[in-house]
file target39.cif (mmCIF, C-alpha atoms and all ligand atoms)
data_upload
#
loop_
_atom_site.label_atom_id
_atom_site.label_comp_id
_atom_site.auth_asym_id
_atom_site.auth_seq_id
_atom_site.Cartn_x
_atom_site.Cartn_y
_atom_site.Cartn_z
CA MET A 1 12.49 15.39 -0.25
CA ARG A 2 10.26 12.37 -0.69
CA ARG A 3 6.92 13.08 -2.33
CA LYS A 4 3.98 11.97 -0.22
CA ILE A 5 1.79 9.19 -1.57
CA ILE A 6 -1.76 8.81 -0.38
CA ALA A 7 -3.53 5.71 -1.61
CA GLY A 8 -7.06 4.49 -1.07
CA ASN A 9 -7.62 0.77 -0.68
CA TRP A 10 -11.22 0.13 -1.63
CA LYS A 11 -11.01 -3.57 -0.70
CA MET A 12 -14.10 -5.57 -1.82
CA ASN A 13 -16.36 -2.53 -2.13
CA LYS A 14 -18.15 -0.82 -5.05
CA THR A 15 -19.59 -2.37 -8.18
CA PRO A 16 -18.32 -0.94 -11.48
CA SER A 17 -21.13 1.59 -11.75
CA GLU A 18 -20.82 2.57 -8.07
CA ALA A 19 -17.06 2.92 -8.57
CA VAL A 20 -17.47 5.44 -11.39
CA LYS A 21 -19.95 7.41 -9.26
CA LEU A 22 -17.49 7.52 -6.37
CA VAL A 23 -14.66 8.68 -8.63
CA GLU A 24 -16.87 11.50 -9.95
CA GLU A 25 -17.67 12.53 -6.38
CA LEU A 26 -14.05 12.40 -5.19
CA LYS A 27 -12.35 13.87 -8.26
CA PRO A 28 -12.68 17.54 -7.29
CA LEU A 29 -11.95 16.78 -3.61
CA VAL A 30 -8.64 14.96 -4.14
CA LYS A 31 -7.01 17.62 -6.31
CA ASN A 32 -3.54 18.21 -4.88
CA ASP A 33 -0.58 18.36 -7.19
CA ALA A 34 1.88 18.28 -4.31
CA VAL A 35 1.19 14.60 -3.51
CA ASP A 36 0.63 11.35 -5.42
CA VAL A 37 -2.99 10.21 -5.22
CA VAL A 38 -3.82 6.58 -5.96
CA PHE A 39 -7.13 4.71 -5.97
CA CYS A 40 -6.56 0.96 -5.53
CA VAL A 41 -9.76 -0.67 -6.66
CA PRO A 42 -11.23 -4.16 -7.18
CA ALA A 43 -10.10 -5.81 -10.42
CA ILE A 44 -13.48 -5.53 -12.09
CA ASP A 45 -13.58 -1.77 -11.41
CA ILE A 46 -10.16 -1.07 -12.94
CA VAL A 47 -11.22 -0.44 -16.54
CA PRO A 48 -14.08 1.98 -15.80
CA VAL A 49 -12.10 3.71 -13.02
CA VAL A 50 -9.07 4.28 -15.27
CA LYS A 51 -11.41 5.86 -17.81
CA ALA A 52 -13.13 7.99 -15.17
CA CYS A 53 -9.74 9.21 -13.87
CA GLU A 54 -8.45 10.35 -17.28
CA GLY A 55 -7.18 13.91 -17.20
CA THR A 56 -7.07 14.03 -13.39
CA ASN A 57 -4.23 13.75 -10.86
CA ILE A 58 -5.50 10.30 -9.80
CA GLU A 59 -3.50 7.17 -10.65
CA VAL A 60 -5.13 3.76 -10.44
CA GLY A 61 -3.82 0.77 -8.54
CA ALA A 62 -4.81 -2.88 -8.22
CA GLU A 63 -5.29 -4.65 -4.90
CA ASN A 64 -3.45 -7.81 -5.91
CA MET A 65 -1.99 -9.69 -8.88
CA TYR A 66 -0.44 -13.08 -9.64
CA PHE A 67 3.26 -13.74 -10.18
CA GLU A 68 2.97 -15.73 -13.41
CA GLU A 69 2.88 -14.20 -16.90
CA SER A 70 -0.20 -16.07 -18.15
CA GLY A 71 -1.71 -19.52 -18.30
CA ALA A 72 -3.84 -21.95 -16.35
CA TYR A 73 -4.39 -19.94 -13.15
CA THR A 74 -8.16 -19.68 -12.99
CA GLY A 75 -9.35 -16.51 -11.37
CA GLU A 76 -6.00 -14.72 -11.29
CA ILE A 77 -4.92 -11.43 -12.89
CA SER A 78 -1.53 -11.01 -14.55
CA PRO A 79 0.76 -7.96 -14.36
CA ALA A 80 0.49 -7.48 -18.15
CA MET A 81 -3.30 -7.28 -17.83
CA LEU A 82 -2.95 -4.55 -15.22
CA VAL A 83 -0.44 -2.56 -17.24
CA ASP A 84 -2.53 -2.82 -20.42
CA ALA A 85 -5.57 -1.55 -18.49
CA GLY A 86 -3.67 1.56 -17.35
CA VAL A 87 -2.78 0.51 -13.81
CA LYS A 88 0.35 2.06 -12.25
CA TYR A 89 0.43 0.64 -8.71
CA VAL A 90 -0.37 -2.69 -7.09
CA ILE A 91 -0.90 -3.46 -3.42
CA LEU A 92 0.95 -6.68 -2.52
CA GLY A 93 0.79 -8.67 0.68
CA HIS A 94 -2.04 -6.86 2.39
CA SER A 95 -2.66 -8.50 5.77
CA GLU A 96 -6.11 -9.60 4.61
CA ARG A 97 -4.46 -11.52 1.76
CA ARG A 98 -1.82 -12.97 4.05
CA ASP A 99 -4.44 -13.95 6.60
CA TYR A 100 -7.54 -15.07 4.65
CA PHE A 101 -5.82 -16.24 1.47
CA LYS A 102 -2.68 -17.64 3.06
CA GLU A 103 -0.20 -15.60 1.04
CA THR A 104 3.33 -16.01 2.35
CA SER A 105 6.21 -13.55 2.26
CA GLU A 106 7.78 -15.83 -0.38
CA ASP A 107 4.68 -15.45 -2.60
CA ILE A 108 4.79 -11.73 -2.07
CA ASN A 109 8.48 -11.61 -3.01
CA LYS A 110 7.63 -13.36 -6.32
CA LYS A 111 4.85 -10.86 -6.93
CA MET A 112 7.16 -7.93 -6.10
CA LYS A 113 9.67 -9.09 -8.70
CA LYS A 114 6.99 -9.58 -11.36
CA ALA A 115 5.38 -6.23 -10.68
CA ILE A 116 8.74 -4.46 -10.96
CA GLU A 117 9.58 -6.36 -14.15
CA HIS A 118 6.38 -4.98 -15.69
CA GLY A 119 6.96 -1.42 -14.51
CA LEU A 120 4.25 -1.48 -11.84
CA VAL A 121 4.97 0.19 -8.50
CA PRO A 122 4.31 -2.29 -5.70
CA ILE A 123 2.90 -1.07 -2.41
CA MET A 124 4.12 -3.87 -0.16
CA CYS A 125 2.22 -4.19 3.10
CA CYS A 126 3.65 -5.39 6.37
CA GLY A 127 2.36 -5.31 9.91
CA GLU A 128 2.12 -7.12 13.21
CA SER A 129 -0.84 -8.65 15.01
CA LEU A 130 -1.89 -7.51 18.46
CA GLU A 131 -0.37 -10.70 19.96
CA GLN A 132 2.95 -9.96 18.32
CA ARG A 133 2.94 -6.39 19.58
CA GLU A 134 2.13 -7.52 23.10
CA GLN A 135 4.87 -10.12 22.90
CA GLY A 136 7.36 -7.41 21.95
CA ILE A 137 8.31 -8.95 18.61
CA THR A 138 6.88 -6.23 16.33
CA LEU A 139 10.18 -5.04 14.90
CA ASP A 140 11.59 -8.57 14.44
CA TRP A 141 8.46 -9.59 12.58
CA ILE A 142 8.34 -6.51 10.34
CA ARG A 143 12.05 -6.79 9.53
CA GLN A 144 11.50 -10.39 8.47
CA GLN A 145 8.55 -9.45 6.24
CA VAL A 146 10.59 -6.68 4.62
CA LYS A 147 13.74 -8.77 4.18
CA VAL A 148 11.91 -11.67 2.55
CA GLY A 149 9.72 -9.32 0.48
CA TYR A 150 12.80 -7.63 -1.02
CA GLN A 151 14.92 -10.73 -1.59
CA GLY A 152 16.70 -10.55 -4.96
CA ILE A 153 15.42 -7.06 -5.78
CA ALA A 154 18.04 -4.54 -6.93
CA ALA A 155 18.55 -1.31 -5.00
CA SER A 156 17.60 0.85 -7.99
CA ASP A 157 14.27 -1.01 -8.23
CA ALA A 158 13.64 -1.07 -4.48
CA ALA A 159 14.09 2.71 -4.32
CA LYS A 160 11.00 3.18 -6.50
CA THR A 161 8.73 0.90 -4.48
CA VAL A 162 6.40 1.79 -1.62
CA ILE A 163 6.05 0.00 1.72
CA ALA A 164 2.88 0.31 3.78
CA TYR A 165 3.20 -0.32 7.50
CA GLU A 166 -0.20 -1.48 8.68
CA PRO A 167 -0.53 -2.85 12.19
CA ILE A 168 -3.24 -5.50 11.84
CA TRP A 169 -4.90 -4.43 15.09
CA ALA A 170 -5.43 -0.94 13.66
CA ILE A 171 -7.05 -1.99 10.37
CA GLY A 172 -10.75 -1.23 10.17
CA THR A 173 -10.96 -1.08 13.95
CA GLY A 174 -10.97 2.68 14.42
CA LYS A 175 -7.90 2.10 16.61
CA THR A 176 -5.03 4.05 15.09
CA ALA A 177 -1.47 3.43 16.18
CA THR A 178 -0.20 6.42 18.10
CA THR A 179 1.94 8.76 16.06
CA GLU A 180 4.95 7.55 18.05
CA GLN A 181 4.17 3.87 17.41
CA ALA A 182 3.68 4.49 13.68
CA GLU A 183 6.85 6.56 13.35
CA GLU A 184 8.90 4.06 15.36
CA VAL A 185 8.06 1.19 13.01
CA CYS A 186 8.35 3.27 9.82
CA ARG A 187 11.79 4.42 10.99
CA ALA A 188 12.78 0.80 11.68
CA ILE A 189 11.63 -0.19 8.19
CA ARG A 190 13.81 2.54 6.67
CA GLN A 191 16.71 1.34 8.80
CA CYS A 192 16.12 -2.20 7.57
CA ILE A 193 16.20 -1.00 3.94
CA ALA A 194 19.49 0.79 4.70
CA GLU A 195 20.87 -2.51 6.04
CA ILE A 196 19.73 -4.50 3.01
CA TYR A 197 20.84 -1.85 0.50
CA ASP A 198 22.32 1.52 1.46
CA GLU A 199 21.40 4.94 2.85
CA ALA A 200 20.45 6.36 -0.54
CA THR A 201 17.89 3.62 -1.14
CA ALA A 202 16.52 4.03 2.38
CA GLU A 203 16.18 7.77 1.82
CA ALA A 204 14.39 7.28 -1.50
CA ILE A 205 11.87 4.57 -0.62
CA ARG A 206 8.45 5.78 0.46
CA ILE A 207 6.86 4.33 3.58
CA GLN A 208 3.17 4.77 4.30
CA TYR A 209 1.25 4.23 7.47
CA GLY A 210 -2.10 2.46 7.24
CA GLY A 211 -4.74 1.50 9.80
CA SER A 212 -7.73 3.72 10.57
CA VAL A 213 -6.24 6.81 8.94
CA ASN A 214 -8.92 9.50 8.85
CA ALA A 215 -9.39 13.21 8.26
CA GLY A 216 -8.63 13.89 11.92
CA ASN A 217 -5.34 12.03 12.36
CA ALA A 218 -3.76 12.26 8.86
CA SER A 219 -1.89 15.54 9.28
CA GLU A 220 -0.14 14.48 12.48
CA LEU A 221 0.81 11.07 11.08
CA PHE A 222 2.04 12.48 7.76
CA ALA A 223 4.14 15.11 9.56
CA GLN A 224 6.44 12.41 10.96
CA PRO A 225 9.88 12.29 9.35
CA ASP A 226 9.60 8.65 8.23
CA ILE A 227 5.92 8.56 7.24
CA ASP A 228 5.50 9.44 3.58
CA GLY A 229 1.73 9.21 3.33
CA GLY A 230 -0.96 6.67 4.00
CA LEU A 231 -2.79 3.61 2.78
CA VAL A 232 -6.41 4.33 3.60
CA GLY A 233 -9.21 1.78 3.71
CA GLY A 234 -12.61 2.83 5.08
CA ALA A 235 -12.07 6.58 4.78
CA SER A 236 -11.08 6.29 1.11
CA LEU A 237 -14.70 5.51 0.20
CA LYS A 238 -15.97 8.82 1.52
CA ALA A 239 -15.57 12.54 0.95
CA ASP A 240 -13.17 12.37 3.90
CA PHE A 241 -10.54 11.07 1.50
CA GLY A 242 -10.34 14.57 0.04
CA LYS A 243 -9.47 15.94 3.47
CA ILE A 244 -6.81 13.27 3.94
CA VAL A 245 -5.23 14.05 0.57
CA ASN A 246 -5.24 17.74 1.48
CA TYR A 247 -4.07 17.14 5.05
P1 LIG A 301 -8.57 1.06 7.30
O1 LIG A 301 -7.82 0.02 6.32
O2 LIG A 301 -8.12 2.45 6.88
O3 LIG A 301 -10.03 0.84 7.03
O4 LIG A 301 -8.16 0.73 8.68
C1 LIG A 301 -6.49 0.22 5.93
C2 LIG A 301 -6.04 -0.90 5.05
O5 LIG A 301 -6.38 -2.07 5.32
O6 LIG A 301 -5.32 -0.67 4.06
#
call {"tool": "encode", "arguments": {"input": "target39.cif", "output": "structure tokens", "more": "lines below"}}
Ligand code: PGA
result
Amino acid sequence: MRRKIIAGNWKMNKTPSEAVKLVEELKPLVKNDAVDVVFCVPAIDIVPVVKACEGTNIEVGAENMYFEESGAYTGEISPAMLVDAGVKYVILGHSERRDYFKETSEDINKKMKKAIEHGLVPIMCCGESLEQREQGITLDWIRQQVKVGYQGIAASDAAKTVIAYEPIWAIGTGKTATTEQAEEVCRAIRQCIAEIYDEATAEAIRIQYGGSVNAGNASELFAQPDIDGGLVGGASLKADFGKIVNY
């Protein structure tokens, strides 16, 4: 049985002091030892949030990192910095990073390898645009993102990673994919992992759905056989996140 993983993606929200306040508010609401709970927060919030989460069931994640060890990369954050600060997870290849910051699947593959090398658990995002869905190329596109993202990664490492399927048209729009649409793509991703590796790896890897997950739709989505939790944006900044974690 795969353990569910429910992660909040705070995006570019909350100053350090606001972040600590939000953690204090959410702490009692997100208690659930049956699932993994992760708060992925802006880089500047990581240190105070890790401290605020001490002694709780909450793990902290970053929203991005760079694929080099150190050096002249102004403005970037290295995997060692994240690990030293107490971070366990890192979101890689979110559609907002692919779109606004021009990250390619090749960049994301480099980041995946670096994250794994440092013992971080990557949450690799993939997802199609509305045009791609209407064109009927959703599964081709997602398979390509997954295949490039996992290039050169060993099965034993891949098994420990997380993939988030996030249709771009459902992010922050209030438009959730139907349960059937979400399950169809998550199943196809698992199938793709089985093709790249083997059945055991496909069975082990956790696949989240993301895109307007809320307290009302979480339980139905998370009940699907291939959906192992969610990556939650807007609703992770509110008390609602407690309801999602305790779906
Ligand atoms: P949303 O964002 O829940 O606000 O749609 C999800 C995400 O981008 O991870």
call {"tool": "closest_residue", "arguments": {"input": "target39.cif", "among": "A:Trp169, A:Trp141, A:Tyr197, A:Phe222", "to": "ligand LIG 301 (chain A)", "atoms": "all atoms listed in the file"}}
result
A:Trp169
call {"tool": "residues_around", "arguments": {"input": "target39.cif", "residues": "A:Val148", "least_positions_apart": "3", "cutoff": "8 Å", "atoms": "all atoms listed in the file", "output": "PyMOL selection string"}}
result
chain A and resi 105-106+109+144-145+151
call {"tool": "residues_near_ligand", "arguments": {"input": "target39.cif", "ligand": "ligand LIG 301 (chain A)", "cutoff": "6 Å", "atoms": "all atoms listed in the file", "output": "list in words"}}
result
Asn9, Ala170, Ile171, Gly172, Gly210, Gly211, Ser212, Val213, Leu231, Val232, Gly233 and Gly234 of chain A
call {"tool": "closest_residue", "arguments": {"input": "target39.cif", "among": "A:Arg98, A:Val50, A:Asn57, A:Ile44", "to": "A:Pro28", "atoms": "only C-alpha atoms"}}
result
A:Asn57
call {"tool": "closest_residue", "arguments": {"input": "target39.cif", "among": "A:Leu82, A:Val20, A:Leu29, A:Ala164", "to": "A:Glu54", "atoms": "only C-alpha atoms"}}
result
A:Val20
call {"tool": "residues_around", "arguments": {"input": "target39.cif", "residues": "A:Ala154", "least_positions_apart": "6", "cutoff": "12 Å", "atoms": "all atoms listed in the file", "output": "list in words"}}
result
Met112, Lys113, Ile116, Glu117, Lys160, Thr161, Ile193, Ile196, Tyr197, Asp198 and Thr201 of chain A
call {"tool": "atom_distance", "arguments": {"input": "target39.cif", "atom1": "atom CA of A:Gly127", "atom2": "atom CA of A:Ile153"}}
result
20.5 Å
call {"tool": "closest_residue", "arguments": {"input": "target39.cif", "among": "A:Gly119, A:Pro167, A:Gly61, A:Pro48", "to": "A:Lys11", "atoms": "only C-alpha atoms"}}
result
A:Gly61
call {"tool": "closest_residue", "arguments": {"input": "target39.cif", "among": "A:Lys27, A:His118, A:His94, A:Arg3", "to": "A:Gly242", "atoms": "only C-alpha atoms"}}
result
A:Lys27
call {"tool": "closest_residue", "arguments": {"input": "target39.cif", "among": "A:Ser95, A:Thr173, A:Thr104, A:Gln132", "to": "A:Glu63", "atoms": "only C-alpha atoms"}}
result
A:Ser95
call {"tool": "residues_around", "arguments": {"input": "target39.cif", "residues": "A:Glu68", "least_positions_apart": "5", "cutoff": "10 Å", "atoms": "all atoms listed in the file", "output": "list in words"}}
result
Tyr73, Glu76, Ile77, Ser78, Pro79, Ala80, Lys110, Lys111 and Lys114 of chain A
call {"tool": "residues_near_point", "arguments": {"input": "target39.cif", "point": "(-19.8, 6.9, -10.1)", "cutoff": "12 Å", "atoms": "all atoms listed in the file", "output": "VMD selection string"}}
result
chain A and resid 14 to 27 45 48 to 49 51 to 53 237
call {"tool": "atom_distance", "arguments": {"input": "target39.cif", "atom1": "atom CA of A:Cys192", "atom2": "atom CA of A:Ile205"}}
result
11.4 Å
call {"tool": "build_atoms", "arguments": {"input": "target39.cif", "residues": "stretch 47-60 of chain A", "atoms": "N, CA, C and O atoms", "output": "mmCIF file, in the coordinates of the input"}}
result
data_model
loop_
_atom_site.group_PDB
_atom_site.id
_atom_site.type_symbol
_atom_site.label_atom_id
_atom_site.label_comp_id
_atom_site.auth_asym_id
_atom_site.auth_seq_id
_atom_site.Cartn_x
_atom_site.Cartn_y
_atom_site.Cartn_z
ATOM 1 N N VAL A 47 -11.028 -1.049 -15.217
ATOM 2 C CA VAL A 47 -11.220 -0.440 -16.540
ATOM 3 C C VAL A 47 -12.096 0.821 -16.465
ATOM 4 O O VAL A 47 -11.686 1.890 -16.913
ATOM 5 N N PRO A 48 -13.284 0.742 -15.868
ATOM 6 C CA PRO A 48 -14.080 1.980 -15.800
ATOM 7 C C PRO A 48 -13.442 3.075 -14.938
ATOM 8 O O PRO A 48 -13.588 4.249 -15.239
ATOM 9 N N VAL A 49 -12.715 2.688 -13.884
ATOM 10 C CA VAL A 49 -12.100 3.710 -13.020
ATOM 11 C C VAL A 49 -10.949 4.407 -13.744
ATOM 12 O O VAL A 49 -10.795 5.627 -13.648
ATOM 13 N N VAL A 50 -10.154 3.649 -14.501
ATOM 14 C CA VAL A 50 -9.070 4.280 -15.270
ATOM 15 C C VAL A 50 -9.672 5.315 -16.216
ATOM 16 O O VAL A 50 -9.191 6.442 -16.327
ATOM 17 N N LYS A 51 -10.765 4.942 -16.849
ATOM 18 C CA LYS A 51 -11.410 5.860 -17.810
ATOM 19 C C LYS A 51 -11.925 7.097 -17.063
ATOM 20 O O LYS A 51 -11.722 8.228 -17.508
ATOM 21 N N ALA A 52 -12.559 6.874 -15.931
ATOM 22 C CA ALA A 52 -13.130 7.990 -15.170
ATOM 23 C C ALA A 52 -12.048 8.920 -14.618
ATOM 24 O O ALA A 52 -12.308 10.086 -14.331
ATOM 25 N N CYS A 53 -10.833 8.404 -14.450
ATOM 26 C CA CYS A 53 -9.740 9.210 -13.870
ATOM 27 C C CYS A 53 -8.906 9.928 -14.937
ATOM 28 O O CYS A 53 -7.985 10.667 -14.597
ATOM 29 N N GLU A 54 -9.229 9.700 -16.203
ATOM 30 C CA GLU A 54 -8.450 10.350 -17.280
ATOM 31 C C GLU A 54 -8.455 11.859 -17.107
ATOM 32 O O GLU A 54 -9.487 12.453 -16.812
ATOM 33 N N GLY A 55 -7.277 12.456 -17.280
ATOM 34 C CA GLY A 55 -7.180 13.910 -17.200
ATOM 35 C C GLY A 55 -7.190 14.456 -15.779
ATOM 36 O O GLY A 55 -7.273 15.662 -15.581
ATOM 37 N N THR A 56 -7.113 13.577 -14.785
ATOM 38 C CA THR A 56 -7.070 14.030 -13.390
ATOM 39 C C THR A 56 -5.693 13.703 -12.800
ATOM 40 O O THR A 56 -4.850 13.114 -13.472
ATOM 41 N N ASN A 57 -5.491 14.062 -11.550
ATOM 42 C CA ASN A 57 -4.230 13.750 -10.860
ATOM 43 C C ASN A 57 -4.280 12.360 -10.207
ATOM 44 O O ASN A 57 -3.380 11.997 -9.460
ATOM 45 N N ILE A 58 -5.350 11.602 -10.454
ATOM 46 C CA ILE A 58 -5.500 10.300 -9.800
ATOM 47 C C ILE A 58 -4.874 9.189 -10.637
ATOM 48 O O ILE A 58 -5.158 9.075 -11.832
ATOM 49 N N GLU A 59 -4.023 8.374 -10.003
ATOM 50 C CA GLU A 59 -3.500 7.170 -10.650
ATOM 51 C C GLU A 59 -4.286 5.980 -10.091
ATOM 52 O O GLU A 59 -4.804 6.037 -8.973
ATOM 53 N N VAL A 60 -4.340 4.914 -10.880
ATOM 54 C CA VAL A 60 -5.130 3.760 -10.440
ATOM 55 C C VAL A 60 -4.207 2.607 -10.062
ATOM 56 O O VAL A 60 -3.187 2.366 -10.711
#
